[in-house]
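Visitor: This is the structure, below, for whatever I ask next.
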Amino acid sequence: MSTASEAKFNGLQWSGRTDPGKIRPNNEDAFLGLQFDAREVHHLGAIGEAPAGHMDFAFAVSDGMGGASAGEHASRVAVQKLTTLLPRARTQSVERAEADVASVLGELFAKVHDALAYLGGSDEECRGMEATLSLCWFTPERMWFGHVGDSRIYHLPAQAKTIRQLSHDDTHVGWLLRGGKINEREARSHPRRKVLQKALGGRNQFITPQVDSAACEPGDIFLLCTDGLVEGLHDTHIEEFLRSPESTRPGASPATRLVDESVARNGHDNTTALVIRVV
């Protein structure tokens, strides 16, 4: 991951949107966009675009859990920790060479987990708080991602026929679906679909995130979202909205169109989407 590497794309366009939904009194979702190198980090707005250059990009979503306001606090701690951890991780990845980026991401997730576990154990108001975390790290060569929980990362390649879920839901229902033991319709109505087997913080002593990478070509679209979005939209609906963004709500951002449509169809949970288009 050399800073001298020539990017394989011209830049990125992104939009983010979060909504508490129709029932929840507060929003326990959070999202974040950053542009950074080993020395500095810049927060990105909810909507924007930037050319590829010597700095990397990172986008993340998190869904917090816990009593009172602990869940809301957990998701914000999870994404904000990335602000300090990612520049250090970039330094480590350059020193170790790109082949070891996976272990660098594993260490980054472990540090976020430790921070949440410490706060949950030392502050009564934060006791038991947990969070999902899905992170996309765009380097000049590839998009690396790390994931824990049931928030999701999707990839819609410019030349592909269908959208692909890159992340694995850390639930028993997700395991059943990946193994072909149930279909998407059965998974969506399963009574234990929201029971997590893995999350950051809480009583989990150790966590092992899913870490992988994907090619990053002009025209590709990546979506990070919390489980509230997929409660209202099937994968086919998500793909349709991403392919034909102007078919509904002309002028609204891609993330706004997705979230507003999901909340209109369901809205039982906090709903967040972060859409990144490679240009």
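Residue numbering restarts at 1 for every chain of the structure tokens, chains are lettered A, B, ... in their displayed order, and ligands are numbered from 1 as they appear.
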Against region 180-204 of chain A, which residues of region 40-134 of chain A fall within 10 Å? For each one I want the closest pair of atoms and the distance in Å (one decimal), counting only C-alpha atoms, rows by chain and increasing residue number, as CSV.
Guide:
residue,atom,partner,partner_atom,distance
A:Asp63,CA,A:Ala199,CA,9.8
A:Gly64,CA,A:Leu200,CA,9.3
A:Met65,CA,A:Gly202,CA,9.2
A:Gly66,CA,A:Gly202,CA,8.8
A:Ala74,CA,A:Gly201,CA,8.4
A:Ser75,CA,A:Leu200,CA,9.8
A:Ala78,CA,A:Leu200,CA,8.5
A:Phe109,CA,A:Leu200,CA,8.2
A:Ala110,CA,A:Leu200,CA,8.4
A:Lys111,CA,A:Leu200,CA,9.7
A:Val112,CA,A:Leu200,CA,7.3
A:His113,CA,A:Leu200,CA,4.7
A:Asp114,CA,A:Gly201,CA,6.7
A:Ala115,CA,A:Gly201,CA,7.5
A:Leu116,CA,A:Gly201,CA,4.7
A:Ala117,CA,A:Gly201,CA,4.2
A:Tyr118,CA,A:Gly201,CA,8.0
A:Leu119,CA,A:Gly201,CA,8.6
A:Gly120,CA,A:Gly202,CA,6.6
A:Gly121,CA,A:Gly202,CA,8.3
A:Cys126,CA,A:Gly202,CA,9.6
A:Arg127,CA,A:Gly202,CA,7.7
A:Gly128,CA,A:Gly202,CA,4.7
A:Met129,CA,A:Gly202,CA,5.4
A:Glu130,CA,A:Gly201,CA,4.7
A:Ala131,CA,A:Leu200,CA,5.2
A:Thr132,CA,A:Ala199,CA,5.5
A:Leu133,CA,A:Leu200,CA,7.6
Visitor: Got a sec to tell me which of region 76-184 of chain A DSSP assigns to strand (DSSP E or B), as a PyMOL selection string?
Guide: chain A and resi 130-131+133-138+143-148+152-156+164-165+171
Visitor: Given only C-alpha atoms as the basis, pick out the residue of A:Glu240, A:Asp235, A:Asp227, A:Glu49 nearest to Val263 (chain A).
Guide: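 Using only C-alpha atoms, Val263 (chain A) sits closest to A:Asp227.
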Visitor: For each of A:Gln92, A:Gln35, A:Asn266, A:Gln13, take the minimum atom-to-atom distance to Asp220 (chain A), counting only C-alpha atoms, then give the residue where this is smallest.
Guide: A:Gln13
Visitor: My list of candidates is A:Leu223, A:Val101, A:Leu82, A:Ala7. Which is closest to His43 (chain A) when distances are computed with only C-alpha atoms?
Guide: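 Among A:Leu223, A:Val101, A:Leu82, A:Ala7, it is A:Leu82 that comes nearest to His43 (chain A).
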Visitor: Determine, counting only C-alpha atoms, which protein, DNA and RNA residues have an atom within 10 Å of an atom of Gln159 (chain A); residues of the same chain fewer than 2 positions away are not included. Present the result as JSON, numbers by chain.
Guide: {"A": [156, 157, 161, 162, 217, 219, 220]}
Visitor: Store the residues picked out above, limited to C-alpha atoms, as an mmCIF file, in the first residue's frame.
Guide:
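Below is the file again-v2.cif, written as the result:
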data_model
loop_
_atom_site.group_PDB
_atom_site.id
_atom_site.type_symbol
_atom_site.label_atom_id
_atom_site.label_comp_id
_atom_site.auth_asym_id
_atom_site.auth_seq_id
_atom_site.Cartn_x
_atom_site.Cartn_y
_atom_site.Cartn_z
ATOM 1 C CA LEU A 156 -22.578 -3.833 -7.229
ATOM 2 C CA PRO A 157 -19.824 -4.091 -9.886
ATOM 3 C CA LYS A 161 -25.650 -8.782 -13.353
ATOM 4 C CA THR A 162 -26.537 -8.867 -9.666
ATOM 5 C CA GLU A 217 -13.173 -0.292 -10.715
ATOM 6 C CA GLY A 219 -18.624 2.369 -12.193
ATOM 7 C CA ASP A 220 -18.664 0.077 -9.154
#
Visitor: Just checking: using only C-alpha atoms, which residue out of A:Leu86, A:Leu242, A:Leu166, A:Cys216 ends up closest to Asn10 (chain A)?
Guide: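 Among A:Leu86, A:Leu242, A:Leu166, A:Cys216, it is A:Cys216 that comes nearest to Asn10 (chain A).
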Visitor: Give me the residues near Ser103 (chain A) as JSON, numbers by chain, where near means some atom within 12 Å (using only C-alpha atoms) and where sequence neighbours in that chain fewer than 3 positions away do not count.
Guide: {"A": [89, 90, 92, 93, 96, 97, 98, 99, 100, 106, 107, 108, 109, 110, 144, 145, 146, 208, 209, 210, 211, 212]}
Visitor: Can those selected residues be exported to a file as a PDB file, in the first residue's frame so that it contains N, CA and C atoms?
Guide:
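The resulting file, result.pdb, is shown below:
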ATOM      1  N   ALA A  89      -3.125   2.661  11.473  1.00  0.00           N
ATOM      2  CA  ALA A  89      -3.226   1.416  10.718  1.00  0.00           C
ATOM      3  C   ALA A  89      -2.598   1.557   9.333  1.00  0.00           C
ATOM      4  N   ARG A  90      -2.746   2.720   8.748  1.00  0.00           N
ATOM      5  CA  ARG A  90      -2.150   2.939   7.426  1.00  0.00           C
ATOM      6  C   ARG A  90      -0.626   2.888   7.514  1.00  0.00           C
ATOM      7  N   GLN A  92       1.090   1.194   9.708  1.00  0.00           N
ATOM      8  CA  GLN A  92       1.446  -0.206   9.909  1.00  0.00           C
ATOM      9  C   GLN A  92       1.370  -0.995   8.609  1.00  0.00           C
ATOM     10  N   SER A  93       0.342  -0.720   7.795  1.00  0.00           N
ATOM     11  CA  SER A  93       0.175  -1.483   6.565  1.00  0.00           C
ATOM     12  C   SER A  93       1.282  -1.173   5.573  1.00  0.00           C
ATOM     13  N   ARG A  96       4.392  -3.044   6.875  1.00  0.00           N
ATOM     14  CA  ARG A  96       4.329  -4.503   6.782  1.00  0.00           C
ATOM     15  C   ARG A  96       4.139  -5.019   5.358  1.00  0.00           C
ATOM     16  N   ALA A  97       3.787  -4.135   4.428  1.00  0.00           N
ATOM     17  CA  ALA A  97       3.469  -4.482   3.043  1.00  0.00           C
ATOM     18  C   ALA A  97       2.010  -4.904   2.961  1.00  0.00           C
ATOM     19  N   GLU A  98       1.447  -4.768   1.785  1.00  0.00           N
ATOM     20  CA  GLU A  98       0.009  -4.929   1.609  1.00  0.00           C
ATOM     21  C   GLU A  98      -0.486  -6.313   1.982  1.00  0.00           C
ATOM     22  N   ALA A  99       0.327  -7.321   1.859  1.00  0.00           N
ATOM     23  CA  ALA A  99      -0.112  -8.684   2.143  1.00  0.00           C
ATOM     24  C   ALA A  99      -0.595  -8.838   3.574  1.00  0.00           C
ATOM     25  N   ASP A 100      -0.195  -7.912   4.453  1.00  0.00           N
ATOM     26  CA  ASP A 100      -0.552  -8.032   5.858  1.00  0.00           C
ATOM     27  C   ASP A 100      -1.639  -7.050   6.279  1.00  0.00           C
ATOM     28  N   GLY A 106      -7.571  -6.526  11.504  1.00  0.00           N
ATOM     29  CA  GLY A 106      -7.945  -7.311  12.673  1.00  0.00           C
ATOM     30  C   GLY A 106      -7.557  -6.622  13.965  1.00  0.00           C
ATOM     31  N   GLU A 107      -6.363  -6.029  13.993  1.00  0.00           N
ATOM     32  CA  GLU A 107      -5.901  -5.311  15.175  1.00  0.00           C
ATOM     33  C   GLU A 107      -6.737  -4.051  15.413  1.00  0.00           C
ATOM     34  N   LEU A 108      -7.119  -3.379  14.332  1.00  0.00           N
ATOM     35  CA  LEU A 108      -7.943  -2.177  14.459  1.00  0.00           C
ATOM     36  C   LEU A 108      -9.289  -2.520  15.108  1.00  0.00           C
ATOM     37  N   PHE A 109      -9.928  -3.584  14.636  1.00  0.00           N
ATOM     38  CA  PHE A 109     -11.211  -3.984  15.212  1.00  0.00           C
ATOM     39  C   PHE A 109     -11.045  -4.389  16.673  1.00  0.00           C
ATOM     40  N   ALA A 110      -9.933  -5.036  17.006  1.00  0.00           N
ATOM     41  CA  ALA A 110      -9.691  -5.435  18.390  1.00  0.00           C
ATOM     42  C   ALA A 110      -9.600  -4.208  19.295  1.00  0.00           C
ATOM     43  N   TRP A 144     -10.448  -2.655   0.886  1.00  0.00           N
ATOM     44  CA  TRP A 144     -10.371  -3.629   1.971  1.00  0.00           C
ATOM     45  C   TRP A 144     -11.541  -3.391   2.902  1.00  0.00           C
ATOM     46  N   PHE A 145     -12.089  -4.470   3.469  1.00  0.00           N
ATOM     47  CA  PHE A 145     -13.193  -4.277   4.393  1.00  0.00           C
ATOM     48  C   PHE A 145     -13.059  -5.167   5.615  1.00  0.00           C
ATOM     49  N   GLY A 146     -13.614  -4.664   6.722  1.00  0.00           N
ATOM     50  CA  GLY A 146     -13.698  -5.412   7.966  1.00  0.00           C
ATOM     51  C   GLY A 146     -15.126  -5.351   8.470  1.00  0.00           C
ATOM     52  N   THR A 208     -13.320 -11.951  16.328  1.00  0.00           N
ATOM     53  CA  THR A 208     -12.573 -12.172  15.093  1.00  0.00           C
ATOM     54  C   THR A 208     -13.386 -11.589  13.949  1.00  0.00           C
ATOM     55  N   PRO A 209     -13.005 -10.436  13.425  1.00  0.00           N
ATOM     56  CA  PRO A 209     -13.786  -9.830  12.355  1.00  0.00           C
ATOM     57  C   PRO A 209     -13.605 -10.555  11.031  1.00  0.00           C
ATOM     58  N   GLN A 210     -14.581 -10.443  10.189  1.00  0.00           N
ATOM     59  CA  GLN A 210     -14.429 -10.877   8.803  1.00  0.00           C
ATOM     60  C   GLN A 210     -13.607  -9.808   8.090  1.00  0.00           C
ATOM     61  N   VAL A 211     -12.520 -10.202   7.451  1.00  0.00           N
ATOM     62  CA  VAL A 211     -11.650  -9.263   6.737  1.00  0.00           C
ATOM     63  C   VAL A 211     -11.395  -9.805   5.340  1.00  0.00           C
ATOM     64  N   ASP A 212     -11.562  -8.952   4.348  1.00  0.00           N
ATOM     65  CA  ASP A 212     -11.334  -9.379   2.962  1.00  0.00           C
ATOM     66  C   ASP A 212     -11.151  -8.131   2.112  1.00  0.00           C
TER      67      ASP A 212
END
